[in-house]
Structure formats: C-alpha cells, structure tokens
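*Asks:* My structure file data10.txt, compact mmCIF, C-alpha atoms, is below:
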```txt
# COMPACT_ATOMS: atom_id res chain seq x y z
CA MET A 90 -35.57 22.95 -46.35
CA PRO A 91 -35.83 20.59 -43.42
CA ARG A 92 -33.76 21.53 -40.46
CA THR A 93 -31.06 18.92 -39.85
CA SER A 94 -30.50 17.82 -36.30
CA VAL A 95 -27.39 19.14 -34.57
CA PHE A 96 -27.22 16.03 -32.43
CA ILE A 97 -24.87 13.26 -33.47
CA ASP A 98 -25.56 9.82 -32.14
CA MET A 99 -22.90 9.51 -29.50
CA THR A 100 -23.94 6.08 -28.26
CA PRO A 101 -21.18 4.07 -30.04
CA MET A 102 -18.58 6.51 -28.85
CA VAL A 103 -19.81 6.27 -25.29
CA ASP A 104 -19.84 2.49 -25.60
CA MET A 105 -16.27 2.47 -26.72
CA ALA A 106 -15.12 4.97 -24.11
CA PHE A 107 -16.60 2.95 -21.28
CA LEU A 108 -15.27 -0.25 -22.72
CA LEU A 109 -11.81 1.28 -22.54
CA VAL A 110 -12.44 2.57 -19.04
CA THR A 111 -13.46 -0.91 -17.92
CA PHE A 112 -10.43 -2.43 -19.59
CA PHE A 113 -8.02 -0.05 -17.94
CA ILE A 114 -9.70 -0.36 -14.55
CA LEU A 115 -9.33 -4.10 -14.67
CA THR A 116 -5.78 -4.26 -16.01
CA THR A 117 -4.23 -1.41 -14.10
CA SER A 118 -2.00 -1.87 -11.14
CA PHE A 119 -0.90 1.36 -9.63
CA ARG A 120 2.70 2.25 -9.74
CA PRO A 121 3.90 2.07 -6.16
CA ASP A 122 5.35 5.12 -4.55
CA GLU A 123 9.05 4.59 -4.71
CA PRO A 124 11.64 6.70 -2.97
CA VAL A 125 13.96 6.47 -5.97
CA HIS A 126 13.45 5.98 -9.67
CA VAL A 127 15.31 3.05 -11.16
CA ASN A 128 15.96 2.24 -14.81
CA THR A 129 16.28 -1.51 -14.99
CA PRO A 130 18.56 -3.03 -17.62
CA SER A 131 16.94 -5.11 -20.33
CA SER A 132 17.32 -8.82 -20.96
CA THR A 133 15.76 -11.52 -23.11
CA TRP A 134 14.35 -13.32 -20.07
CA THR A 135 10.59 -13.65 -20.16
CA SER A 136 9.69 -15.18 -16.79
CA THR A 137 7.60 -12.86 -14.66
CA PRO A 138 8.16 -12.54 -10.93
CA PRO A 139 5.21 -13.43 -8.68
CA GLU A 140 2.66 -10.72 -7.97
CA HIS A 141 2.81 -11.14 -4.22
CA GLY A 142 5.16 -12.48 -1.61
CA LYS A 143 8.41 -10.96 -2.73
CA VAL A 144 11.26 -9.01 -1.29
CA THR A 145 12.64 -6.35 -3.60
CA ILE A 146 16.09 -4.94 -3.00
CA THR A 147 16.47 -1.78 -5.00
CA ILE A 148 19.89 -0.45 -5.93
CA ALA A 149 19.82 3.21 -6.91
CA PRO A 150 22.18 4.64 -9.56
CA ASP A 151 24.26 6.17 -6.75
CA GLY A 152 24.54 2.86 -4.93
CA ARG A 153 21.99 3.42 -2.18
CA VAL A 154 20.11 0.27 -1.22
CA PHE A 155 16.39 0.07 -0.45
CA PHE A 156 14.44 -2.81 0.95
CA ASP A 157 10.82 -3.72 0.36
CA LEU A 158 8.52 -6.54 1.40
CA ASP A 159 5.28 -6.31 -0.51
CA ASN A 160 2.72 -7.70 1.88
CA GLN A 161 1.25 -5.24 4.39
CA ASN A 162 0.42 -7.92 6.95
CA TYR A 163 3.96 -9.18 6.97
CA ARG A 164 5.51 -5.71 7.06
CA ARG A 165 4.20 -5.04 10.55
CA ASP A 166 5.69 -8.28 11.79
CA LEU A 167 8.92 -7.48 9.94
CA LEU A 168 9.38 -4.14 11.68
CA GLN A 169 8.59 -5.69 15.05
CA ARG A 170 11.26 -8.31 14.47
CA MET A 171 13.71 -5.63 13.34
CA GLY A 172 12.91 -3.70 16.50
CA ASP A 173 13.57 -6.79 18.62
CA THR A 174 16.93 -7.30 16.93
CA TYR A 175 18.06 -3.73 17.51
CA GLY A 176 16.34 -3.24 20.87
CA ILE A 177 13.92 -0.60 19.61
CA THR A 178 10.24 -0.67 20.57
CA PHE A 179 7.92 0.74 17.95
CA THR A 180 4.53 2.26 18.81
CA PRO A 181 1.39 0.96 17.05
CA ASP A 182 1.30 4.19 15.02
CA GLN A 183 4.83 3.65 13.82
CA LEU A 184 4.06 0.04 12.90
CA ASN A 185 1.02 1.18 10.92
CA ALA A 186 3.03 3.84 9.14
CA PHE A 187 5.58 1.23 8.16
CA ALA A 188 2.98 -1.34 7.08
CA THR A 189 1.35 1.05 4.63
CA GLY A 190 4.66 2.40 3.34
CA SER A 191 6.86 1.20 0.51
CA SER A 192 10.61 0.70 0.02
CA ILE A 193 12.73 1.78 2.92
CA GLY A 194 16.31 2.96 2.76
CA LEU A 195 17.23 4.03 6.26
CA PRO A 196 19.55 2.75 8.93
CA MET A 197 17.60 1.40 11.89
CA SER A 198 18.74 4.28 14.08
CA ALA A 199 16.80 6.73 11.89
CA MET A 200 13.70 4.57 11.51
CA GLY A 201 11.65 5.79 14.49
CA GLY A 202 12.02 9.47 13.68
CA TYR A 203 11.15 8.85 10.05
CA LEU A 204 7.96 6.96 10.90
CA ASP A 205 6.82 9.74 13.24
CA LEU A 206 6.71 12.21 10.34
CA ASP A 207 3.57 13.09 8.37
CA PRO A 208 3.05 10.93 5.28
CA ASP A 209 3.69 13.97 3.08
CA ASP A 210 6.88 14.89 4.88
CA ARG A 211 8.04 11.29 4.69
CA LYS A 212 8.12 11.47 0.90
CA LYS A 213 10.39 14.49 1.05
CA VAL A 214 13.00 12.75 3.17
CA GLU A 215 16.14 11.93 1.22
CA GLN A 216 16.79 8.40 2.39
CA PRO A 217 20.49 7.53 2.73
CA GLY A 218 20.04 3.83 1.94
CA ILE A 219 20.38 0.74 4.10
CA PRO A 220 23.94 0.09 5.27
CA VAL A 221 25.31 -2.94 3.39
CA ASP A 222 29.04 -2.53 3.37
CA SER A 223 30.34 -3.95 6.59
CA THR A 224 33.83 -2.61 5.89
CA LYS A 225 32.60 0.98 6.06
CA ASN A 226 29.94 0.57 8.73
CA THR A 227 29.87 -1.43 11.88
CA SER A 228 27.00 -3.61 10.71
CA ASN A 229 25.42 -4.90 7.56
CA GLU A 230 21.75 -4.10 8.18
CA LEU A 231 20.56 -5.48 4.87
CA GLY A 232 21.40 -8.99 6.04
CA VAL A 233 19.31 -8.47 9.18
CA TRP A 234 16.41 -7.16 7.10
CA LEU A 235 16.69 -10.19 4.89
CA VAL A 236 16.66 -12.68 7.75
CA ASN A 237 13.71 -10.99 9.44
CA ALA A 238 11.79 -10.72 6.18
CA ARG A 239 12.18 -14.45 5.65
CA LEU A 240 10.96 -15.09 9.18
CA ALA A 241 8.03 -12.67 8.87
CA GLY A 242 7.02 -13.32 5.30
CA ASN A 243 5.78 -16.55 3.86
CA ASN A 244 9.00 -17.65 2.15
CA PRO A 245 9.29 -14.60 -0.09
CA VAL A 246 11.04 -14.60 -3.46
CA ILE A 247 14.14 -12.40 -3.40
CA LEU A 248 14.47 -9.95 -6.26
CA ILE A 249 17.14 -7.39 -7.00
CA LYS A 250 16.08 -4.32 -8.88
CA GLY A 251 19.21 -2.53 -9.84
CA ASP A 252 19.73 0.55 -11.96
CA GLN A 253 21.67 0.17 -15.21
CA GLN A 254 24.19 2.72 -14.07
CA ALA A 255 24.73 1.36 -10.57
CA ASN A 256 28.39 0.61 -10.01
CA TYR A 257 29.29 -3.03 -9.62
CA PRO A 258 30.75 -2.73 -6.10
CA SER A 259 27.36 -1.72 -4.67
CA VAL A 260 25.79 -4.70 -6.45
CA LYS A 261 28.58 -6.90 -5.17
CA TYR A 262 27.82 -5.99 -1.56
CA VAL A 263 24.20 -6.99 -2.07
CA PHE A 264 25.22 -10.29 -3.72
CA LYS A 265 27.66 -10.98 -0.90
CA THR A 266 25.01 -10.25 1.71
CA LEU A 267 22.62 -12.66 0.02
CA GLN A 268 25.30 -15.34 -0.16
CA ASP A 269 26.19 -14.81 3.49
CA ARG A 270 22.55 -15.42 4.38
CA LYS A 271 22.45 -18.52 2.21
CA VAL A 272 20.20 -17.00 -0.43
CA ASN A 273 21.84 -18.43 -3.51
CA LYS A 274 18.86 -18.25 -5.81
CA PHE A 275 17.39 -14.89 -6.61
CA GLY A 276 16.00 -12.89 -9.46
CA LEU A 277 17.30 -9.79 -11.19
CA ILE A 278 14.51 -7.55 -12.39
CA THR A 279 14.93 -6.55 -16.00
CA SER A 280 12.73 -5.03 -18.65
CA GLU A 281 11.92 -7.06 -21.71
CA GLU A 282 14.07 -7.03 -24.81
CA ALA A 283 13.47 -8.89 -28.04
CA ALA A 284 15.43 -12.13 -28.24
CA PRO A 285 17.85 -12.31 -31.16
CA SER A 286 16.62 -14.28 -34.12
CA THR A 287 17.71 -17.91 -34.18
CA ASN A 288 19.52 -17.40 -37.47
CA GLN A 289 22.04 -15.24 -35.72
CA LEU A 290 22.96 -18.09 -33.43
CA LYS A 291 23.69 -20.60 -36.15
CA MET B 227 -54.62 10.95 -23.08
CA ALA B 228 -58.38 10.67 -23.08
CA GLU B 229 -58.67 13.85 -25.02
CA LEU B 230 -56.33 12.60 -27.66
CA GLN B 231 -58.18 9.37 -28.16
CA GLU B 232 -61.37 11.34 -28.56
CA GLY B 233 -59.85 13.61 -31.11
CA GLY B 234 -58.57 10.62 -33.04
CA ASP B 235 -61.99 9.11 -33.16
CA VAL B 236 -63.67 12.21 -34.46
CA GLN B 237 -61.22 12.84 -37.24
CA SER B 238 -60.62 9.21 -38.04
CA HIS B 239 -60.52 9.21 -41.83
CA ARG B 240 -58.25 12.13 -42.28
CA GLY B 241 -56.33 11.39 -39.14
CA LYS B 242 -55.12 7.93 -40.20
CA LYS B 243 -53.16 9.13 -43.14
CA ARG B 244 -51.44 11.88 -41.23
CA GLY B 245 -50.75 9.70 -38.25
CA GLY B 246 -53.38 11.31 -36.11
CA VAL B 247 -53.07 14.29 -33.88
CA ARG B 248 -50.59 13.30 -31.23
CA ALA B 249 -48.77 14.98 -28.50
CA LYS B 250 -45.56 16.48 -29.67
CA LYS B 251 -43.13 13.56 -29.75
CA LEU B 252 -40.61 13.94 -26.96
CA SER B 253 -37.04 13.41 -28.04
CA THR B 254 -35.54 10.18 -26.70
CA ARG B 255 -32.07 11.61 -26.99
CA ILE B 256 -30.28 12.83 -23.95
CA ASP B 257 -27.35 15.10 -24.16
CA MET B 258 -24.52 12.66 -23.61
CA THR B 259 -21.69 15.17 -23.85
CA PRO B 260 -20.94 15.34 -20.09
CA MET B 261 -20.95 11.58 -19.89
CA VAL B 262 -18.54 11.31 -22.81
CA ASP B 263 -16.37 13.96 -21.19
CA LEU B 264 -16.24 11.98 -18.02
CA GLY B 265 -15.64 8.73 -19.89
CA PHE B 266 -12.67 10.06 -21.77
CA LEU B 267 -11.30 11.73 -18.68
CA LEU B 268 -11.24 8.33 -17.00
CA VAL B 269 -9.72 6.71 -20.08
CA THR B 270 -6.95 9.30 -20.11
CA PHE B 271 -6.35 8.88 -16.39
CA PHE B 272 -6.02 5.13 -16.60
CA ILE B 273 -3.85 5.25 -19.72
CA LEU B 274 -1.44 7.56 -17.95
CA THR B 275 -1.29 5.71 -14.65
CA THR B 276 -1.17 2.18 -15.95
CA THR B 277 2.12 0.33 -16.20
CA MET B 278 1.83 -1.75 -19.30
CA GLN B 279 5.16 -3.51 -19.22
CA LYS B 280 5.35 -6.09 -16.50
CA PRO B 281 8.88 -6.44 -15.16
CA LYS B 282 10.71 -9.66 -15.95
CA ALA B 283 12.99 -11.53 -13.64
CA MET B 284 16.29 -13.08 -14.57
CA GLN B 285 17.09 -16.12 -12.45
CA VAL B 286 20.54 -16.17 -10.93
CA VAL B 287 22.07 -18.99 -8.97
CA MET B 288 25.19 -18.17 -7.02
CA PRO B 289 27.62 -20.81 -5.80
CA GLU B 290 27.41 -21.72 -2.14
CA LYS B 291 29.77 -19.76 -0.04
CA ASP B 292 31.10 -22.54 2.16
CA VAL B 293 32.30 -24.60 -0.79
CA LYS B 294 35.93 -23.85 -1.37
CA ASP B 295 36.57 -22.33 -4.75
CA SER B 296 39.83 -24.19 -5.22
CA THR B 297 38.24 -27.65 -5.10
CA GLN B 298 35.70 -26.57 -7.69
CA MET B 299 38.30 -24.99 -9.86
CA SER B 300 40.48 -28.09 -9.95
CA LYS B 301 37.73 -29.99 -11.75
CA VAL B 302 37.73 -27.47 -14.57
CA ARG B 303 40.11 -28.49 -17.32
CA GLU B 304 42.38 -25.88 -18.77
CA SER B 305 40.88 -26.26 -22.24
CA GLU B 306 37.26 -25.93 -21.04
CA ALA B 307 37.58 -22.68 -19.14
CA MET B 308 37.11 -19.16 -20.36
CA THR B 309 37.25 -16.00 -18.29
CA ILE B 310 35.43 -12.80 -19.14
CA LEU B 311 36.42 -9.60 -17.41
CA LEU B 312 34.04 -6.67 -17.46
CA GLY B 313 35.97 -3.45 -17.50
CA SER B 314 35.14 0.22 -17.30
CA ASN B 315 33.39 2.11 -20.11
CA ASP B 316 31.67 -1.01 -21.46
CA ARG B 317 34.91 -2.75 -22.37
CA VAL B 318 35.14 -6.53 -22.23
CA PHE B 319 38.30 -8.59 -21.86
CA PHE B 320 38.57 -12.33 -22.09
CA TYR B 321 41.07 -15.12 -22.11
CA TYR B 322 40.92 -18.85 -22.61
CA GLY B 323 42.22 -21.35 -20.10
CA ILE B 324 43.32 -20.74 -16.55
CA GLN B 325 47.12 -20.56 -16.56
CA ASP B 326 49.09 -18.09 -18.59
CA PRO B 327 46.25 -15.78 -19.66
CA LYS B 328 46.56 -13.89 -22.94
CA ILE B 329 44.02 -11.14 -22.52
CA GLU B 330 42.04 -10.09 -25.58
CA VAL B 331 39.81 -7.05 -25.88
CA THR B 332 36.34 -7.16 -27.34
CA ASN B 333 32.94 -5.52 -26.87
CA TYR B 334 29.39 -6.57 -26.06
CA LYS B 335 28.45 -6.93 -29.72
CA LYS B 336 31.34 -9.16 -30.73
CA ILE B 337 31.50 -11.30 -27.60
CA ARG B 338 28.47 -13.30 -28.71
CA ASP B 339 30.20 -14.72 -31.79
CA THR B 340 33.31 -15.43 -29.75
CA LEU B 341 31.26 -17.31 -27.18
CA ILE B 342 29.34 -19.33 -29.74
CA ALA B 343 32.53 -20.24 -31.61
CA HIS B 344 34.44 -21.18 -28.46
CA ASN B 345 31.53 -23.14 -27.04
CA LYS B 346 31.45 -25.19 -30.24
CA THR B 347 35.20 -25.81 -30.11
CA VAL B 348 34.99 -26.98 -26.51
CA MET B 349 31.98 -29.20 -27.26
CA ASP B 350 33.89 -30.83 -30.10
CA LEU B 351 36.88 -31.35 -27.85
CA GLN B 352 34.68 -32.86 -25.14
CA ARG B 353 33.05 -35.18 -27.64
CA ALA B 354 36.42 -36.27 -29.02
CA ASN B 355 37.79 -37.05 -25.55
CA GLY B 356 34.60 -38.52 -24.14
CA TRP B 357 34.25 -35.90 -21.40
CA ASP B 358 30.97 -34.50 -20.09
CA GLN B 359 29.18 -32.53 -22.79
CA LYS B 360 28.74 -29.45 -20.63
CA GLY B 361 30.27 -26.95 -23.01
CA VAL B 362 32.56 -24.11 -22.10
CA ILE B 363 32.79 -23.04 -18.47
CA VAL B 364 32.65 -19.27 -18.26
CA LEU B 365 33.84 -17.26 -15.31
CA ILE B 366 32.35 -13.79 -15.31
CA LYS B 367 34.49 -11.36 -13.38
CA PRO B 368 33.10 -7.85 -13.14
CA THR B 369 35.70 -5.31 -12.07
CA ASP B 370 34.83 -2.52 -9.67
CA ASP B 371 34.67 -0.07 -12.58
CA SER B 372 31.92 -1.94 -14.40
CA LYS B 373 28.25 -1.10 -14.22
CA TYR B 374 25.39 -3.32 -13.17
CA GLN B 375 24.13 -3.22 -16.75
CA ASN B 376 27.37 -4.87 -17.95
CA LEU B 377 26.78 -7.80 -15.64
CA VAL B 378 23.16 -8.22 -16.71
CA ASP B 379 24.18 -7.99 -20.37
CA MET B 380 26.77 -10.69 -19.89
CA LEU B 381 24.38 -12.98 -18.00
CA ASP B 382 21.89 -12.46 -20.79
CA GLU B 383 24.58 -13.38 -23.29
CA MET B 384 24.96 -16.70 -21.47
CA LYS B 385 21.28 -17.39 -21.99
CA VAL B 386 21.36 -16.33 -25.64
CA THR B 387 24.39 -18.47 -26.45
CA GLU B 388 23.00 -21.36 -24.38
CA ILE B 389 26.05 -21.70 -22.18
CA LYS B 390 24.92 -23.62 -19.12
CA SER B 391 27.90 -23.43 -16.81
CA TYR B 392 28.95 -19.99 -15.74
CA ALA B 393 29.65 -18.23 -12.48
CA ILE B 394 30.11 -14.72 -11.18
CA VAL B 395 33.50 -14.57 -9.54
CA ASP B 396 35.61 -11.80 -8.03
CA VAL B 397 38.57 -10.47 -9.99
CA SER B 398 41.98 -11.39 -8.71
CA PRO B 399 44.54 -8.61 -8.25
CA GLU B 400 46.82 -10.29 -10.85
CA GLU B 401 44.11 -10.09 -13.48
CA LEU B 402 43.36 -6.51 -12.57
CA ALA B 403 46.99 -5.62 -13.05
CA MET B 404 46.98 -7.17 -16.52
CA LEU B 405 44.06 -5.13 -17.79
CA PRO B 406 45.00 -2.23 -20.03
CA LYS B 407 44.06 1.07 -18.52
```
Now that the file is in, can you turn its structure into structure tokens?
*Replies:*
Amino acid sequence: MPRTSVFIDMTPMVDMAFLLVTFFILTTSFRPDEPVHVNTPSSTWTSTPPEHGKVTITIAPDGRVFFDLDNQNYRRDLLQRMGDTYGITFTPDQLNAFATGSSIGLPMSAMGGYLDLDPDDRKKVEQPGIPVDSTKNTSNELGVWLVNARLAGNNPVILIKGDQQANYPSVKYVFKTLQDRKVNKFGLITSEEAAPSTNQLK
Amino acid sequence: MAELQEGGDVQSHRGKKRGGVRAKKLSTRIDMTPMVDLGFLLVTFFILTTTMQKPKAMQVVMPEKDVKDSTQMSKVRESEAMTILLGSNDRVFFYYGIQDPKIEVTNYKKIRDTLIAHNKTVMDLQRANGWDQKGVIVLIKPTDDSKYQNLVDMLDEMKVTEIKSYAIVDVSPEELAMLPK
C-alpha cells in the first residue's frame, strides 16, 4: 500500500488568510483612546462626517463634557491659545503630551498637572469634564475651547457625540454654548439605523 | 551531476523507461503551518480591532440667537403650528396651534402617523388658502427630564416624515405645569 502524504496543500488557505490580512490592514482605522465610552443613538441619516478637520464634543451618560480636535498639528496651537487666554504657559513637553492625546475633559486649572503625568497614569485619571454650565461655575470653558479651536484649526466641522442616556439639560448647555459662539450648524453623531420602508409613509 | 549523467548514459535502454537513476527528488513543499498561524493571528487581530460601522452625522441647524423669537413666532399661523413636548420616561406630549393648548399624550411609535396626518391636513389647508406650501411647523421642546436619545429620535422623525420646518425650543413654565406628572 502506498504511503499517503500527511501534508495538505495549504497554499490556498494561506492565500486567503493573507488576502484577509491585507484587506483588514487597509480598511482598519484604530479606535481612538477615549476617556469615556459613549453609546450614540441611532438615526436614519446616512451622511458621514469628514475624516479629518473636526471638533468632537462628547457628552457622557453622566453629563460630563469632553472636547477633541482631531488634528495633531492644530492641537498644539490650540493648547497654546488656551494657555494665552487663561494666562498659563505650557512647556514644550506639555504641548507634546496634549498634541498626541485624545479627548480632554478637564477644567483649565487642572490641565498642567494632568499633562505632567505619565501617559499610563493619564489614562487612569477620572476626568471631571469641561465646565459648560455658567450658572454653576464662574466660566463656560467649552465656549473658549470652541473659539480657540476655530482659530487654531482649519475651519473644523463641529460634531456632538452624545450618549443615548445623557440628560437633556447637559445637551442643552452644549447647544446654548454653540449658539452663543454663533455655531448654528453642527452635526449630531449617530449610528446607522434602517430607514422605514416607503410604504409606511403613504 | 556529472556522475549522474554518466550513469544515465551507461544504462540508457533500461534507464529511460524507469526515468533514469536520479538523485532523490527533494520535496518542494515547505511546512507552511507557522506562516498560516501567523496569518490567522493577524486576521483575528484586525477583525477585533477594526471598527466596521462608520459613524453618521445628523445635520442640525439652530436658529440664530440674536433674532427675537417673538417676531418669528408671529409669522406662524395658529393652524400651521404644532408643539411636541418630550417628557420623562420616553413619553411624548403634543398639541396643535399656539393658543389654548389641549395636550395629548402619545409615544414615539404613534407620533409618526400623527405627524404625517397633521402635515397633510396643514398642506391641504395651505393649498386651499394659497399660503406657502411649507407644511406643518413643529416646535420640539425637550423638557429637562428627557434624554438625549428622545431628541435625536424626534429629529429623525422629522426627516422620516419629511417635515422641513422645525425648531428646538425651550419649554415654557406654563407648558411644564400642564404636563401630567
């Protein structure tokens, strides 16, 4: 009896595996490190926000507000402008730490200390959110962030990424801040939902 | 090599049929198992880290702040207006007109039919009177007890029912007082 080979021809399998690897490498965009996880509500809107040049205001389920400008080059400029507004001078190290970071949810008074931390320790910090409600605090820092981001960035698109369960008042403060700064057009980030069939509408 | 050739020559008649005396044929197969392992490891990694669903953005246009609400409101005819109040626990209240509101209760499933029906009524009325064919004017008033999801749902409802004129407005204390607890 002839001995049958124990080898299987794995070439097609390897082909397929590497095809998939290539596909995923090309299509993937890494999930950014976010200080808070947000479940966006769904809508039937299908327009996609731009990949770059956007300001994202995140509203956590508990109402905390985070601010993000997505371009690293502009972020440095943004923090410098914020520093100028509040009379804080940031060191080059602090500017770098901010430029490579993601969403920020701290009052300006806590910013320097936060940026001095190790990158690993920074992730552990429970950020209290940017002050937005000028009735509770002395200043509405979100508005200042917004103005400086528009000066630093190249006319960024303003997007609000709110959690489904966020209470309306916290959303209202963000809306009011935007209106105060004459930002009347903005986007609400939603996840996709199937549009109802046209029959239903008739 | 040379030796082989020589051998082939000597035993040429017998050798041809048996394919000659050759060196033991080296296998062209390589063990690909480690490569496959690595390949699938990468596939798994990318499948898990990738975010397939791209987020969508809903466009919102807010009214300008400096424009006085009262001047805008005066242009809205009583019969064209409809107010939707978003309450706590996913409840929805609405009333037609501006003066003398009779608040009705509904939910997010039923509001669509109400909106479509009322939009049609208003359109017919506008056609009959020769007014602008802009349909019903909806004022969305989320109360402080409503969730962000309620607002997004209602804005989405405006898109689904093709209502063009709507605005997000603050609730007045009088309306708040009228809402059932």
*Asks:* Residues of chain B no more than 9 Å from chain A, counting all atoms listed in the file: send them over as a PDB file with C-alpha atoms, keeping the file's coordinate frame.
*Replies:*
```pdb
ATOM      1  CA  ARG B 255     -32.070  11.610 -26.990  1.00  0.00           C
ATOM      2  CA  ASP B 257     -27.350  15.100 -24.160  1.00  0.00           C
ATOM      3  CA  MET B 258     -24.520  12.660 -23.610  1.00  0.00           C
ATOM      4  CA  THR B 259     -21.690  15.170 -23.850  1.00  0.00           C
ATOM      5  CA  MET B 261     -20.950  11.580 -19.890  1.00  0.00           C
ATOM      6  CA  VAL B 262     -18.540  11.310 -22.810  1.00  0.00           C
ATOM      7  CA  GLY B 265     -15.640   8.730 -19.890  1.00  0.00           C
ATOM      8  CA  PHE B 266     -12.670  10.060 -21.770  1.00  0.00           C
ATOM      9  CA  LEU B 268     -11.240   8.330 -17.000  1.00  0.00           C
ATOM     10  CA  VAL B 269      -9.720   6.710 -20.080  1.00  0.00           C
ATOM     11  CA  THR B 270      -6.950   9.300 -20.110  1.00  0.00           C
ATOM     12  CA  PHE B 272      -6.020   5.130 -16.600  1.00  0.00           C
ATOM     13  CA  ILE B 273      -3.850   5.250 -19.720  1.00  0.00           C
ATOM     14  CA  THR B 275      -1.290   5.710 -14.650  1.00  0.00           C
ATOM     15  CA  THR B 276      -1.170   2.180 -15.950  1.00  0.00           C
ATOM     16  CA  THR B 277       2.120   0.330 -16.200  1.00  0.00           C
ATOM     17  CA  MET B 278       1.830  -1.750 -19.300  1.00  0.00           C
ATOM     18  CA  GLN B 279       5.160  -3.510 -19.220  1.00  0.00           C
ATOM     19  CA  LYS B 280       5.350  -6.090 -16.500  1.00  0.00           C
ATOM     20  CA  PRO B 281       8.880  -6.440 -15.160  1.00  0.00           C
ATOM     21  CA  LYS B 282      10.710  -9.660 -15.950  1.00  0.00           C
ATOM     22  CA  ALA B 283      12.990 -11.530 -13.640  1.00  0.00           C
ATOM     23  CA  MET B 284      16.290 -13.080 -14.570  1.00  0.00           C
ATOM     24  CA  GLN B 285      17.090 -16.120 -12.450  1.00  0.00           C
ATOM     25  CA  VAL B 286      20.540 -16.170 -10.930  1.00  0.00           C
ATOM     26  CA  VAL B 287      22.070 -18.990  -8.970  1.00  0.00           C
ATOM     27  CA  MET B 288      25.190 -18.170  -7.020  1.00  0.00           C
ATOM     28  CA  PRO B 289      27.620 -20.810  -5.800  1.00  0.00           C
ATOM     29  CA  GLU B 290      27.410 -21.720  -2.140  1.00  0.00           C
ATOM     30  CA  LYS B 291      29.770 -19.760  -0.040  1.00  0.00           C
ATOM     31  CA  ARG B 338      28.470 -13.300 -28.710  1.00  0.00           C
ATOM     32  CA  ASP B 339      30.200 -14.720 -31.790  1.00  0.00           C
ATOM     33  CA  ILE B 342      29.340 -19.330 -29.740  1.00  0.00           C
ATOM     34  CA  PRO B 368      33.100  -7.850 -13.140  1.00  0.00           C
ATOM     35  CA  THR B 369      35.700  -5.310 -12.070  1.00  0.00           C
ATOM     36  CA  ASP B 370      34.830  -2.520  -9.670  1.00  0.00           C
ATOM     37  CA  ASP B 371      34.670  -0.070 -12.580  1.00  0.00           C
ATOM     38  CA  SER B 372      31.920  -1.940 -14.400  1.00  0.00           C
ATOM     39  CA  LYS B 373      28.250  -1.100 -14.220  1.00  0.00           C
ATOM     40  CA  TYR B 374      25.390  -3.320 -13.170  1.00  0.00           C
ATOM     41  CA  GLN B 375      24.130  -3.220 -16.750  1.00  0.00           C
ATOM     42  CA  ASN B 376      27.370  -4.870 -17.950  1.00  0.00           C
ATOM     43  CA  LEU B 377      26.780  -7.800 -15.640  1.00  0.00           C
ATOM     44  CA  VAL B 378      23.160  -8.220 -16.710  1.00  0.00           C
ATOM     45  CA  ASP B 379      24.180  -7.990 -20.370  1.00  0.00           C
ATOM     46  CA  LEU B 381      24.380 -12.980 -18.000  1.00  0.00           C
ATOM     47  CA  ASP B 382      21.890 -12.460 -20.790  1.00  0.00           C
ATOM     48  CA  GLU B 383      24.580 -13.380 -23.290  1.00  0.00           C
ATOM     49  CA  LYS B 385      21.280 -17.390 -21.990  1.00  0.00           C
ATOM     50  CA  VAL B 386      21.360 -16.330 -25.640  1.00  0.00           C
ATOM     51  CA  THR B 387      24.390 -18.470 -26.450  1.00  0.00           C
TER      52      THR B 387
END
```
*Asks:* So, with all atoms listed in the file as the atoms that count, which of B:Ala403, B:Val348, B:Leu252, B:Ile310 lies closest to Lys367 (chain B)?
*Replies:*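 Of the candidates, the smallest distance to Lys367 (chain B) is held by B:Ile310.
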*Asks:* Near Asn345 (chain B), counting all atoms listed in the file, which residues have an atom at most 9 Å away, once you skip same-chain residues fewer than 5 positions from it, shown as JSON, numbers by chain?
*Replies:* {"B": [306, 340, 350, 361, 362, 363, 387, 389]}
*Asks:* How would the residues just picked look written out with C-alpha atoms as a tab-separated table (two decimals), keeping the file's coordinate frame?
*Replies:*
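The resulting file, again_2.tsv, is shown below:
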```tsv
chain	number	residue	atom	x	y	z
B	306	GLU	CA	37.26	-25.93	-21.04
B	340	THR	CA	33.31	-15.43	-29.75
B	350	ASP	CA	33.89	-30.83	-30.10
B	361	GLY	CA	30.27	-26.95	-23.01
B	362	VAL	CA	32.56	-24.11	-22.10
B	363	ILE	CA	32.79	-23.04	-18.47
B	387	THR	CA	24.39	-18.47	-26.45
B	389	ILE	CA	26.05	-21.70	-22.18
```
*Asks:* Rounded to one decimal in Å, what is the spacing between CA of Leu312 (chain B) and CA of Asn128 (chain A)?
*Replies:*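 Computing the Euclidean distance for CA of Leu312 (chain B) and CA of Asn128 (chain A) yields 20.3 Å.
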*Asks:* Take every atom of region 370-382 of chain B listed in the file, pad by 6 Å on each side, and give me the axis-aligned box centre and edge lengths in Å, one decimal, as JSON.
*Replies:*
```
{"center_x": 28.4, "center_y": -6.5, "center_z": -15.2, "size_x": 24.9, "size_y": 24.9, "size_z": 23.1}
```
*Asks:* To one decimal place in Å, what is the distance between CA of Met200 (chain A) and CA of Asp173 (chain A)?
*Replies:*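 Those two atoms sit 13.4 Å apart.
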